[in-house]
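A.B. asks: The following file, model27.cif, comprises mmCIF, C-alpha atoms:
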data_input
loop_
_atom_site.label_atom_id
_atom_site.label_comp_id
_atom_site.auth_asym_id
_atom_site.auth_seq_id
_atom_site.Cartn_x
_atom_site.Cartn_y
_atom_site.Cartn_z
CA MET G 1 50.14 -56.10 27.85
CA LEU G 2 50.75 -53.87 30.82
CA PHE G 3 48.44 -51.16 32.13
CA ARG G 4 50.76 -48.43 33.42
CA PHE G 5 49.98 -46.54 36.61
CA TRP G 6 51.74 -45.67 39.84
CA PHE G 7 51.57 -47.93 42.83
CA PHE G 8 53.70 -48.14 45.97
CA TRP G 9 54.78 -50.43 48.74
CA SER G 10 53.42 -49.25 52.09
CA GLY G 11 56.09 -48.12 54.49
CA ILE G 12 58.77 -47.17 51.92
CA ILE G 13 61.13 -44.48 53.21
CA SER G 14 62.65 -42.17 50.60
CA ARG G 15 66.06 -40.84 51.72
CA LEU G 16 68.66 -38.73 49.92
CA GLN G 17 71.70 -40.80 48.94
CA GLU G 18 73.20 -38.09 46.73
CA VAL G 19 73.16 -34.28 46.63
CA THR G 20 74.92 -32.65 43.65
CA PRO G 21 77.23 -29.75 44.60
CA ASN G 22 76.24 -26.31 43.27
CA SER G 23 72.74 -27.54 42.48
CA PRO G 24 69.36 -26.11 43.55
CA ALA G 25 69.10 -28.95 46.09
CA SER G 26 72.45 -28.20 47.78
CA GLU G 27 71.87 -24.43 47.64
CA ALA G 28 68.46 -24.86 49.29
CA GLY G 29 70.05 -26.84 52.14
CA LEU G 30 69.18 -30.48 51.39
CA GLN G 31 71.62 -32.92 52.97
CA LEU G 32 72.56 -36.57 52.59
CA GLY G 33 70.33 -38.80 54.72
CA ASP G 34 67.36 -36.40 54.71
CA GLN G 35 64.13 -38.37 54.66
CA ILE G 36 61.57 -36.94 52.22
CA ILE G 37 58.14 -37.26 53.82
CA ALA G 38 56.12 -34.89 51.60
CA ILE G 39 56.42 -32.95 48.36
CA GLN G 40 54.28 -29.87 47.88
CA GLY G 41 52.14 -31.08 50.77
CA GLN G 42 51.55 -34.55 49.28
CA PRO G 43 52.76 -37.53 51.37
CA VAL G 44 55.64 -39.35 49.66
CA HIS G 45 55.35 -43.11 49.16
CA SER G 46 58.27 -43.80 46.82
CA ALA G 47 61.39 -42.28 45.27
CA GLU G 48 59.73 -42.67 41.86
CA GLN G 49 56.89 -40.45 43.04
CA VAL G 50 59.37 -37.70 43.91
CA THR G 51 61.15 -38.00 40.56
CA GLN G 52 57.92 -37.90 38.56
CA PHE G 53 56.47 -34.96 40.47
CA ILE G 54 59.56 -32.82 39.87
CA SER G 55 59.69 -33.73 36.17
CA GLU G 56 56.07 -32.56 35.84
CA HIS G 57 56.71 -29.23 37.62
CA LYS G 58 59.91 -28.00 35.97
CA GLY G 59 60.56 -24.29 36.42
CA GLN G 60 58.23 -24.12 39.42
CA PRO G 61 59.27 -23.72 43.06
CA ILE G 62 58.84 -27.08 44.80
CA THR G 63 58.59 -27.46 48.56
CA LEU G 64 60.01 -30.64 50.05
CA THR G 65 59.21 -31.59 53.64
CA VAL G 66 62.14 -33.56 55.02
CA LYS G 67 62.82 -35.23 58.34
CA ARG G 68 66.28 -34.57 59.78
CA ASP G 69 67.45 -35.49 63.28
CA GLY G 70 63.83 -35.94 64.38
CA ARG G 71 62.77 -32.52 63.08
CA GLN G 72 60.59 -31.68 60.07
CA ILE G 73 61.98 -29.01 57.75
CA ASP G 74 60.38 -27.39 54.70
CA ILE G 75 62.89 -26.68 51.91
CA THR G 76 61.92 -24.92 48.67
CA ALA G 77 63.95 -25.14 45.46
CA THR G 78 63.42 -24.72 41.70
CA ALA G 79 64.85 -27.13 39.13
CA ARG G 80 67.32 -25.78 36.57
CA LYS G 81 69.71 -27.17 33.97
CA LEU G 82 72.85 -28.63 35.52
CA ALA G 83 76.21 -29.57 34.02
CA ASP G 84 74.75 -32.74 32.47
CA GLY G 85 72.26 -30.64 30.50
CA LYS G 86 69.24 -31.98 32.39
CA GLU G 87 66.79 -29.76 34.24
CA ARG G 88 66.58 -31.10 37.78
CA LEU G 89 67.01 -30.23 41.46
CA GLY G 90 70.19 -32.27 41.79
CA PHE G 91 69.60 -35.02 44.32
CA GLY G 92 69.18 -38.78 44.26
CA PRO G 93 66.54 -40.38 46.48
CA ALA G 94 66.92 -43.99 47.58
CA GLU G 95 64.35 -46.28 49.11
CA ASP G 96 64.47 -48.05 52.43
CA ILE G 97 61.84 -50.76 52.88
CA PRO G 98 61.33 -51.67 56.54
CA LEU G 99 60.63 -55.37 57.02
CA ILE G 100 57.91 -56.38 59.44
CA ARG G 101 57.65 -60.01 60.55
CA VAL G 102 54.04 -61.23 60.44
CA GLY G 103 52.34 -64.58 60.65
CA LEU G 104 50.49 -66.50 57.95
CA ALA G 105 47.22 -64.63 58.60
CA GLY G 106 48.98 -61.23 58.45
CA ALA G 107 50.76 -62.14 55.21
CA ALA G 108 47.49 -63.35 53.64
CA ARG G 109 45.68 -60.18 54.68
CA TYR G 110 48.50 -58.01 53.28
CA ALA G 111 48.43 -59.94 49.97
CA VAL G 112 44.65 -59.57 49.61
CA GLU G 113 44.74 -55.85 50.44
CA ASN G 114 47.55 -55.17 47.95
CA ASN G 115 45.86 -57.18 45.19
CA LEU G 116 42.64 -55.25 45.75
CA GLN G 117 44.60 -52.00 45.64
CA ILE G 118 46.18 -52.93 42.31
CA LEU G 119 42.76 -53.93 40.94
CA ARG G 120 41.29 -50.58 42.02
CA LEU G 121 44.17 -48.62 40.48
CA THR G 122 43.96 -50.63 37.25
CA GLY G 123 40.22 -49.92 37.08
CA LYS G 124 40.89 -46.24 37.70
CA ALA G 125 43.55 -46.14 34.97
CA LEU G 126 41.18 -47.86 32.51
CA GLY G 127 38.39 -45.46 33.45
CA GLN G 128 40.66 -42.47 32.80
CA PHE G 129 41.73 -44.05 29.50
CA PHE G 130 38.18 -44.58 28.22
CA THR G 131 37.07 -41.10 29.35
CA GLY G 132 40.01 -39.44 27.59
CA LYS G 133 41.85 -38.33 30.74
CA ARG G 134 44.80 -40.57 29.89
CA SER G 135 46.25 -41.21 26.46
CA ALA G 136 46.74 -44.73 25.10
CA ARG G 137 50.44 -43.90 24.61
CA ASN G 138 50.97 -43.48 28.34
CA THR G 139 48.48 -46.07 29.56
CA LEU G 140 49.43 -49.21 27.63
CA SER G 141 52.80 -50.92 27.35
CA GLY G 142 53.93 -54.06 25.53
CA PRO G 143 56.92 -56.41 25.88
CA VAL G 144 59.51 -53.63 25.98
CA GLY G 145 57.60 -51.73 28.67
CA ILE G 146 57.15 -54.91 30.69
CA TYR G 147 60.88 -55.69 30.39
CA LYS G 148 61.83 -52.20 31.61
CA ALA G 149 59.34 -52.29 34.50
CA ALA G 150 60.50 -55.76 35.57
CA GLY G 151 64.18 -54.81 35.29
CA SER G 152 63.64 -51.67 37.37
CA ALA G 153 61.71 -53.58 40.06
CA VAL G 154 64.39 -56.30 40.32
CA GLU G 155 67.21 -53.74 40.41
CA ARG G 156 65.56 -51.73 43.19
CA PHE G 157 63.89 -54.45 45.26
CA GLY G 158 65.63 -57.73 44.37
CA TRP G 159 63.62 -60.95 44.67
CA SER G 160 60.79 -59.06 46.36
CA GLY G 161 60.47 -56.81 43.31
CA PHE G 162 60.67 -59.83 41.00
CA PHE G 163 57.77 -61.69 42.62
CA THR G 164 55.75 -58.49 43.08
CA THR G 165 56.12 -57.77 39.36
CA LEU G 166 55.01 -61.32 38.52
CA ALA G 167 51.89 -60.89 40.66
CA PHE G 168 51.23 -57.46 39.15
CA LEU G 169 51.51 -58.79 35.59
CA SER G 170 49.28 -61.77 36.42
CA LEU G 171 46.55 -59.43 37.69
CA ASN G 172 46.93 -57.23 34.60
CA LEU G 173 46.63 -60.28 32.35
CA GLY G 174 43.54 -61.46 34.19
CA ILE G 175 41.87 -58.06 33.91
CA PHE G 176 42.71 -57.74 30.20
CA ASN G 177 41.41 -61.25 29.53
CA LEU G 178 38.03 -60.31 31.04
CA LEU G 179 37.52 -57.29 28.75
CA PRO G 180 34.51 -57.83 26.42
CA ILE G 181 36.68 -58.41 23.34
CA PRO G 182 35.83 -61.41 21.13
CA VAL G 183 38.41 -64.28 21.23
CA LEU G 184 39.13 -63.40 24.88
CA ASP G 185 37.33 -64.99 27.83
CA GLY G 186 35.55 -61.71 28.51
CA GLY G 187 34.27 -61.70 24.93
CA ALA G 188 33.01 -65.28 25.26
CA ILE G 189 31.16 -64.36 28.47
CA PHE G 190 29.68 -61.29 26.75
CA LEU G 191 28.46 -63.41 23.80
CA LEU G 192 26.87 -65.88 26.22
CA LEU G 193 25.03 -63.00 27.89
CA ILE G 194 23.79 -61.76 24.50
CA GLU G 195 22.61 -65.26 23.54
CA GLY G 196 20.87 -65.57 26.89
CA VAL G 197 18.97 -62.33 26.24
CA LEU G 198 18.10 -63.42 22.67
CA ALA G 199 16.91 -66.82 23.91
CA VAL G 200 14.25 -65.06 25.98
CA VAL G 201 12.62 -63.83 22.77
CA GLY G 202 13.25 -67.09 20.90
CA MET G 203 16.26 -65.96 18.87
CA LYS G 204 19.90 -67.01 18.69
CA LEU G 205 23.14 -66.01 16.98
CA SER G 206 23.89 -67.97 13.83
CA MET G 207 27.23 -69.72 13.41
CA ARG G 208 28.12 -67.29 10.61
CA VAL G 209 27.56 -64.28 12.86
CA ARG G 210 29.59 -65.88 15.65
CA GLU G 211 32.46 -66.52 13.22
CA ARG G 212 32.40 -62.90 12.01
CA ILE G 213 32.46 -61.64 15.60
CA GLN G 214 35.44 -63.86 16.40
CA GLN G 215 37.26 -62.65 13.28
CA VAL G 216 36.69 -59.01 14.24
CA GLY G 217 37.93 -59.73 17.77
CA PHE G 218 41.04 -61.47 16.43
CA VAL G 219 41.85 -58.46 14.23
CA MET G 220 41.31 -56.12 17.21
CA VAL G 221 43.75 -58.10 19.35
CA ILE G 222 46.37 -58.18 16.56
CA LEU G 223 46.04 -54.41 16.02
CA LEU G 224 46.33 -53.84 19.77
CA MET G 225 49.52 -55.93 19.90
CA VAL G 226 51.00 -53.98 16.98
CA PHE G 227 50.06 -50.71 18.69
CA VAL G 228 51.61 -51.49 22.08
CA ILE G 229 54.84 -52.80 20.54
CA THR G 230 55.14 -49.76 18.25
CA ASN G 231 54.27 -47.52 21.19
CA ASP G 232 57.04 -49.10 23.28
CA PHE G 233 59.67 -48.43 20.61
CA LEU G 234 58.46 -44.85 20.06
CA LYS G 235 58.69 -44.14 23.78
CA GLN G 236 62.12 -45.76 23.87
CA PHE G 237 63.47 -43.54 21.09
CA SER G 238 61.76 -40.41 22.44
CA GLY G 239 63.26 -40.91 25.89
CA GLY G 240 60.02 -42.16 27.47
CA ALA G 241 58.59 -38.67 27.87
CA THR G 242 55.14 -38.54 29.35
CA SER G 243 52.71 -35.81 30.21
CA ASP G 244 49.91 -37.83 31.71
CA LYS G 245 49.36 -37.76 35.43
CA PRO G 246 49.44 -41.05 37.30
CA ALA G 247 46.19 -42.78 38.05
CA ALA G 248 46.78 -43.17 41.76
CA THR G 249 49.05 -40.43 42.97
CA SER G 250 51.02 -37.51 41.61
CA PRO G 251 54.49 -38.87 41.68
CA GLY G 252 59.65 -37.26 41.52
CA LYS G 253 63.89 -35.46 41.19
#
Can the structure from this file be put into C-alpha coordinates for me?

C.D. replies:
Amino acid sequence: MLFRFWFFWSGIISRLQEVTPNSPASEAGLQLGDQIIAIQGQPVHSAEQVTQFISEHKGQPITLTVKRDGRQIDITATARKLADGKERLGFGPAEDIPLIRVGLAGAARYAVENNLQILRLTGKALGQFFTGKRSARNTLSGPVGIYKAAGSAVERFGWSGFFTTLAFLSLNLGIFNLLPIPVLDGGAIFLLLIEGVLAVVGMKLSMRVRERIQQVGFVMVILLMVFVITNDFLKQFSGGATSDKPAATSPGK
(Lines of atoms letter the chains of each structure in order from A and count residues from 1; the text may use other names and numbers.)
(Lines give C-alpha, C1' and ligand atoms only; values in the text may rest on other atoms or scores of the structure.)
Protein backbone atom coordinates (compact mmCIF):
# COMPACT_ATOMS: atom_id res chain seq x y z
CA MET A 1 0.00 0.00 0.00
CA LEU A 2 1.18 3.50 -0.75
CA PHE A 3 0.49 6.61 1.30
CA ARG A 4 0.14 9.42 -1.25
CA PHE A 5 1.57 12.86 -0.58
CA TRP A 6 3.83 15.33 -2.33
CA PHE A 7 7.56 15.26 -1.84
CA PHE A 8 10.40 16.77 -3.85
CA TRP A 9 14.06 16.47 -4.63
CA SER A 10 15.99 19.46 -3.30
CA GLY A 11 17.50 21.60 -6.01
CA ILE A 12 15.09 20.69 -8.84
CA ILE A 13 14.78 23.46 -11.42
CA SER A 14 11.45 23.71 -13.24
CA ARG A 15 11.86 25.22 -16.74
CA LEU A 16 9.39 25.69 -19.59
CA GLN A 17 10.05 23.25 -22.42
CA GLU A 18 6.80 24.05 -24.26
CA VAL A 19 4.52 27.08 -24.60
CA THR A 20 1.30 26.54 -26.60
CA PRO A 21 0.59 29.29 -29.17
CA ASN A 22 -2.56 31.37 -28.57
CA SER A 23 -2.78 30.14 -24.98
CA PRO A 24 -3.02 32.15 -21.74
CA ALA A 25 0.67 31.35 -21.13
CA SER A 26 1.88 32.72 -24.49
CA GLU A 27 -0.46 35.73 -24.30
CA ALA A 28 0.85 36.58 -20.82
CA GLY A 29 4.44 36.52 -22.12
CA LEU A 30 5.86 33.20 -20.90
CA GLN A 31 8.75 31.98 -23.04
CA LEU A 32 10.63 28.75 -23.61
CA GLY A 33 13.46 28.33 -21.11
CA ASP A 34 11.83 30.47 -18.40
CA GLN A 35 12.66 29.05 -14.99
CA ILE A 36 9.65 28.96 -12.66
CA ILE A 37 10.85 29.86 -9.16
CA ALA A 38 7.51 30.62 -7.47
CA ILE A 39 3.78 30.28 -8.05
CA GLN A 40 1.44 32.65 -6.24
CA GLY A 41 4.31 33.49 -3.92
CA GLN A 42 5.06 29.85 -3.02
CA PRO A 43 8.58 28.57 -3.85
CA VAL A 44 8.48 25.91 -6.59
CA HIS A 45 10.23 22.60 -5.92
CA SER A 46 8.96 20.48 -8.83
CA ALA A 47 7.07 20.60 -12.12
CA GLU A 48 4.40 18.41 -10.53
CA GLN A 49 3.84 21.08 -7.90
CA VAL A 50 3.16 23.65 -10.62
CA THR A 51 0.76 21.33 -12.45
CA GLN A 52 -1.19 20.46 -9.30
CA PHE A 53 -1.46 24.05 -8.11
CA ILE A 54 -2.92 25.24 -11.41
CA SER A 55 -5.39 22.33 -11.55
CA GLU A 56 -6.64 23.32 -8.08
CA HIS A 57 -7.06 27.01 -9.01
CA LYS A 58 -8.85 26.84 -12.36
CA GLY A 59 -10.57 30.05 -13.38
CA GLN A 60 -8.43 32.10 -11.00
CA PRO A 61 -5.62 34.48 -11.97
CA ILE A 62 -2.30 32.80 -11.15
CA THR A 63 0.95 34.70 -10.76
CA LEU A 64 4.12 32.90 -11.81
CA THR A 65 7.51 34.28 -10.82
CA VAL A 66 10.01 33.29 -13.49
CA LYS A 67 13.73 33.83 -13.90
CA ARG A 68 14.80 34.97 -17.37
CA ASP A 69 18.27 36.19 -18.34
CA GLY A 70 19.13 36.71 -14.67
CA ARG A 71 16.01 38.79 -14.00
CA GLN A 72 12.90 37.87 -12.00
CA ILE A 73 9.58 38.58 -13.72
CA ASP A 74 6.04 38.22 -12.38
CA ILE A 75 3.57 36.99 -15.02
CA THR A 76 -0.15 36.60 -14.33
CA ALA A 77 -2.47 34.41 -16.41
CA THR A 78 -5.81 32.59 -16.03
CA ALA A 79 -6.38 29.05 -17.27
CA ARG A 80 -9.04 28.48 -19.94
CA LYS A 81 -10.15 25.68 -22.24
CA LEU A 82 -7.79 25.20 -25.18
CA ALA A 83 -8.19 23.33 -28.47
CA ASP A 84 -7.74 19.97 -26.74
CA GLY A 85 -10.76 20.68 -24.52
CA LYS A 86 -8.70 20.89 -21.34
CA GLU A 87 -8.67 23.94 -19.07
CA ARG A 88 -5.04 24.94 -18.63
CA LEU A 89 -2.52 27.75 -19.04
CA GLY A 90 -0.82 26.08 -21.98
CA PHE A 91 2.78 25.37 -21.06
CA GLY A 92 4.87 22.33 -20.26
CA PRO A 93 7.38 22.50 -17.41
CA ALA A 94 10.39 20.19 -17.38
CA GLU A 95 12.75 19.40 -14.55
CA ASP A 96 16.47 19.90 -14.40
CA ILE A 97 18.20 18.14 -11.49
CA PRO A 98 21.64 19.57 -10.79
CA LEU A 99 24.12 16.90 -9.71
CA ILE A 100 26.45 17.67 -6.83
CA ARG A 101 29.42 15.40 -6.18
CA VAL A 102 29.74 14.59 -2.47
CA GLY A 103 31.72 12.12 -0.42
CA LEU A 104 30.48 9.11 1.54
CA ALA A 105 29.66 11.22 4.61
CA GLY A 106 27.72 13.77 2.52
CA ALA A 107 25.76 11.03 0.75
CA ALA A 108 24.91 9.35 4.07
CA ARG A 109 23.78 12.64 5.58
CA TYR A 110 21.62 13.39 2.52
CA ALA A 111 20.04 9.91 2.70
CA VAL A 112 19.23 10.25 6.40
CA GLU A 113 17.75 13.74 5.96
CA ASN A 114 15.57 12.65 3.03
CA ASN A 115 14.35 9.53 4.83
CA LEU A 116 13.43 11.63 7.86
CA GLN A 117 11.63 14.07 5.58
CA ILE A 118 9.59 11.26 4.01
CA LEU A 119 8.77 9.89 7.47
CA ARG A 120 7.59 13.32 8.62
CA LEU A 121 5.44 13.82 5.52
CA THR A 122 3.96 10.33 5.84
CA GLY A 123 3.11 11.05 9.48
CA LYS A 124 1.55 14.35 8.46
CA ALA A 125 -0.52 12.66 5.73
CA LEU A 126 -1.71 9.99 8.19
CA GLY A 127 -2.56 12.67 10.75
CA GLN A 128 -4.63 14.56 8.17
CA PHE A 129 -6.31 11.28 7.17
CA PHE A 130 -7.34 10.35 10.72
CA THR A 131 -8.52 13.90 11.51
CA GLY A 132 -10.67 14.02 8.37
CA LYS A 133 -8.60 16.63 6.50
CA ARG A 134 -7.75 14.12 3.78
CA SER A 135 -10.05 11.51 2.31
CA ALA A 136 -9.08 7.84 2.14
CA ARG A 137 -9.66 7.97 -1.63
CA ASN A 138 -6.83 10.46 -2.11
CA THR A 139 -4.54 9.23 0.67
CA LEU A 140 -4.22 5.50 -0.01
CA SER A 141 -3.18 3.73 -3.19
CA GLY A 142 -2.75 0.05 -4.04
CA PRO A 143 -0.86 -1.85 -6.76
CA VAL A 144 -2.18 0.29 -9.63
CA GLY A 145 -1.25 3.52 -7.85
CA ILE A 146 2.19 2.15 -7.02
CA TYR A 147 2.70 1.10 -10.65
CA LYS A 148 1.75 4.57 -11.93
CA ALA A 149 3.95 6.35 -9.36
CA ALA A 150 6.92 4.08 -10.12
CA GLY A 151 6.45 4.45 -13.90
CA SER A 152 6.27 8.24 -13.62
CA ALA A 153 9.40 8.38 -11.43
CA VAL A 154 11.41 6.16 -13.81
CA GLU A 155 10.22 8.10 -16.88
CA ARG A 156 11.19 11.45 -15.36
CA PHE A 157 14.30 10.56 -13.36
CA GLY A 158 15.62 7.28 -14.79
CA TRP A 159 17.56 4.99 -12.46
CA SER A 160 17.61 7.68 -9.78
CA GLY A 161 13.81 7.75 -9.78
CA PHE A 162 13.70 3.95 -9.73
CA PHE A 163 15.85 3.58 -6.62
CA THR A 164 14.21 6.58 -4.92
CA THR A 165 10.80 4.96 -5.47
CA LEU A 166 12.08 1.67 -4.02
CA ALA A 167 13.31 3.47 -0.91
CA PHE A 168 10.05 5.42 -0.64
CA LEU A 169 7.95 2.25 -0.88
CA SER A 170 10.17 0.47 1.66
CA LEU A 171 9.62 3.28 4.17
CA ASN A 172 5.87 3.24 3.49
CA LEU A 173 5.78 -0.52 4.04
CA GLY A 174 7.71 -0.20 7.28
CA ILE A 175 5.37 2.50 8.59
CA PHE A 176 2.25 0.54 7.61
CA ASN A 177 3.63 -2.60 9.25
CA LEU A 178 4.04 -0.73 12.55
CA LEU A 179 0.39 0.41 12.69
CA PRO A 180 -1.43 -1.19 15.68
CA ILE A 181 -3.43 -3.60 13.49
CA PRO A 182 -3.55 -7.26 14.58
CA VAL A 183 -1.60 -9.69 12.31
CA LEU A 184 0.91 -6.90 11.61
CA ASP A 185 4.08 -6.35 13.64
CA GLY A 186 2.59 -3.17 15.10
CA GLY A 187 -0.43 -5.17 16.27
CA ALA A 188 1.81 -7.79 17.90
CA ILE A 189 3.72 -5.05 19.73
CA PHE A 190 0.43 -3.47 20.84
CA LEU A 191 -0.83 -6.83 22.19
CA LEU A 192 2.43 -7.31 24.09
CA LEU A 193 1.97 -3.88 25.67
CA ILE A 194 -1.60 -4.77 26.68
CA GLU A 195 -0.45 -8.09 28.19
CA GLY A 196 2.31 -6.27 30.04
CA VAL A 197 -0.25 -3.90 31.58
CA LEU A 198 -2.59 -6.80 32.46
CA ALA A 199 0.28 -8.75 34.02
CA VAL A 200 0.73 -5.94 36.55
CA VAL A 201 -2.72 -6.71 37.95
CA GLY A 202 -2.30 -10.48 37.61
CA MET A 203 -4.36 -10.94 34.44
CA LYS A 204 -3.60 -12.14 30.92
CA LEU A 205 -5.30 -12.55 27.56
CA SER A 206 -6.67 -16.03 26.92
CA MET A 207 -5.72 -17.91 23.77
CA ARG A 208 -9.32 -17.64 22.56
CA VAL A 209 -9.29 -13.85 22.88
CA ARG A 210 -5.93 -13.65 21.09
CA GLU A 211 -7.30 -15.78 18.23
CA ARG A 212 -10.38 -13.56 17.89
CA ILE A 213 -8.19 -10.44 17.80
CA GLN A 214 -6.02 -11.97 15.09
CA GLN A 215 -9.09 -12.93 13.07
CA VAL A 216 -10.47 -9.39 13.30
CA GLY A 217 -7.09 -8.00 12.23
CA PHE A 218 -6.91 -10.39 9.28
CA VAL A 219 -10.37 -9.30 8.10
CA MET A 220 -9.35 -5.63 8.49
CA VAL A 221 -6.26 -6.15 6.32
CA ILE A 222 -8.27 -8.02 3.64
CA LEU A 223 -10.92 -5.26 3.58
CA LEU A 224 -8.18 -2.62 3.33
CA MET A 225 -6.60 -4.45 0.38
CA VAL A 226 -9.98 -4.68 -1.38
CA PHE A 227 -10.56 -0.97 -0.72
CA VAL A 228 -7.23 0.28 -2.09
CA ILE A 229 -7.45 -1.91 -5.21
CA THR A 230 -11.05 -0.80 -5.88
CA ASN A 231 -10.02 2.79 -5.17
CA ASP A 232 -7.19 2.54 -7.71
CA PHE A 233 -9.53 1.36 -10.46
CA LEU A 234 -12.15 4.01 -9.64
CA LYS A 235 -9.51 6.74 -9.84
CA GLN A 236 -8.23 5.25 -13.08
CA PHE A 237 -11.66 5.33 -14.73
CA SER A 238 -12.51 8.77 -13.31
CA GLY A 239 -9.29 10.28 -14.65
CA GLY A 240 -7.56 10.41 -11.26
CA ALA A 241 -9.36 13.56 -10.19
CA THR A 242 -8.52 14.76 -6.72
CA SER A 243 -9.60 17.63 -4.57
CA ASP A 244 -7.44 17.06 -1.53
CA LYS A 245 -4.51 19.32 -0.89
CA PRO A 246 -1.08 17.74 -0.59
CA ALA A 247 0.26 17.01 2.85
CA ALA A 248 3.55 18.80 2.40
CA THR A 249 3.13 21.58 -0.11
CA SER A 250 0.50 23.02 -2.39
CA PRO A 251 1.63 21.73 -5.70
CA GLY A 252 0.99 22.58 -11.01
CA LYS A 253 0.03 23.57 -15.41

A.B. asks: Restricting the calculation to all atoms listed in the file: of G:Leu126, G:Ala153, G:Leu82, G:Val66, which residue gets closest to Pro24 of chain G?

C.D. replies: G:Leu82

A.B. asks: Could you spell out the hits of the PyMOL selection byres ((chain G and resi 52-65) around 8) on the shown file, as a list in words?

C.D. replies: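 Checked against the file, the PyMOL selection byres ((chain G and resi 52-65) around 8) matches Ile36, Ile37, Ala38, Ile39, Gln40, Gly41, Glu48, Gln49, Val50, Thr51, Val66, Lys67, Gln72, Ile73, Asp74, Ile75, Thr76, Ala77, Thr78, Ala79, Arg80, Glu87, Arg88, Ser243, Ser250, Pro251, Gly252 and Lys253 of chain G.
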
A.B. asks: When you count all atoms listed in the file, which of these residues is closest to Leu173 of chain G: G:Ile146, G:Ile213, G:Ala105, G:Val19?

C.D. replies: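 For Leu173 of chain G, the nearest of the candidates is G:Ile146.
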
A.B. asks: Using Å and a single decimal, report how far atom CA of Arg15 of chain G sits from atom CA of Gln31 of chain G.

C.D. replies: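 Going from atom CA of Gln31 of chain G over to atom CA of Arg15 of chain G, I get 9.8 Å.
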
A.B. asks: Have a look at atom CA of Phe176 of chain G and atom CA of Ser160 of chain G and let me know their distance in Å, one decimal.

C.D. replies: 24.3 Å

A.B. asks: Can you give me, as a list of chain:residue names, the residues this file yields under the PyMOL selection byres ((chain G and resi 164) around 12)?

C.D. replies: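 So the PyMOL selection byres ((chain G and resi 164) around 12), applied here, picks out G:Phe7, G:Phe8, G:Trp9, G:Ala111, G:Asn114, G:Asn115, G:Ile118, G:Ala149, G:Ala150, G:Ser152, G:Ala153, G:Val154, G:Arg156, G:Phe157, G:Gly158, G:Trp159, G:Ser160, G:Gly161, G:Phe162, G:Phe163, G:Thr165, G:Leu166, G:Ala167, G:Phe168, G:Leu169, G:Ser170, G:Leu171.
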
A.B. asks: For segment 209-212 of chain G, what centre and edge lengths in Å (one decimal) does the axis-aligned box get once 4 Å is added on each side of all its listed atoms, as lines of an AutoDock Vina configuration file?

C.D. replies:
center_x = 30.0
center_y = -64.7
center_z = 13.8
size_x = 12.9
size_y = 11.6
size_z = 11.6

A.B. asks: Take segment 151-162 of chain G, model N, CA and C atoms, and hand the result over as a tab-separated table (two decimals), in the frame of the given file.

C.D. replies:
chain	number	residue	atom	x	y	z
G	151	GLY	N	62.77	-55.06	35.00
G	151	GLY	CA	64.18	-54.81	35.29
G	151	GLY	C	64.36	-53.78	36.39
G	152	SER	N	63.56	-52.71	36.35
G	152	SER	CA	63.64	-51.67	37.37
G	152	SER	C	63.24	-52.20	38.74
G	153	ALA	N	62.17	-53.02	38.78
G	153	ALA	CA	61.71	-53.58	40.06
G	153	ALA	C	62.75	-54.51	40.66
G	154	VAL	N	63.38	-55.36	39.83
G	154	VAL	CA	64.39	-56.30	40.32
G	154	VAL	C	65.63	-55.55	40.79
G	155	GLU	N	66.02	-54.51	40.04
G	155	GLU	CA	67.21	-53.74	40.41
G	155	GLU	C	67.03	-53.03	41.73
G	156	ARG	N	65.81	-52.52	41.98
G	156	ARG	CA	65.56	-51.73	43.19
G	156	ARG	C	65.16	-52.58	44.38
G	157	PHE	N	64.45	-53.70	44.14
G	157	PHE	CA	63.89	-54.45	45.26
G	157	PHE	C	64.31	-55.92	45.30
G	158	GLY	N	65.15	-56.36	44.35
G	158	GLY	CA	65.63	-57.73	44.37
G	158	GLY	C	64.52	-58.74	44.14
G	159	TRP	N	64.61	-59.89	44.85
G	159	TRP	CA	63.62	-60.95	44.67
G	159	TRP	C	62.22	-60.48	45.02
G	160	SER	N	62.10	-59.59	46.00
G	160	SER	CA	60.79	-59.06	46.36
G	160	SER	C	60.17	-58.34	45.17
G	161	GLY	N	60.97	-57.51	44.49
G	161	GLY	CA	60.47	-56.81	43.31
G	161	GLY	C	60.12	-57.77	42.19
G	162	PHE	N	60.91	-58.84	42.05
G	162	PHE	CA	60.67	-59.83	41.00
G	162	PHE	C	59.30	-60.49	41.18
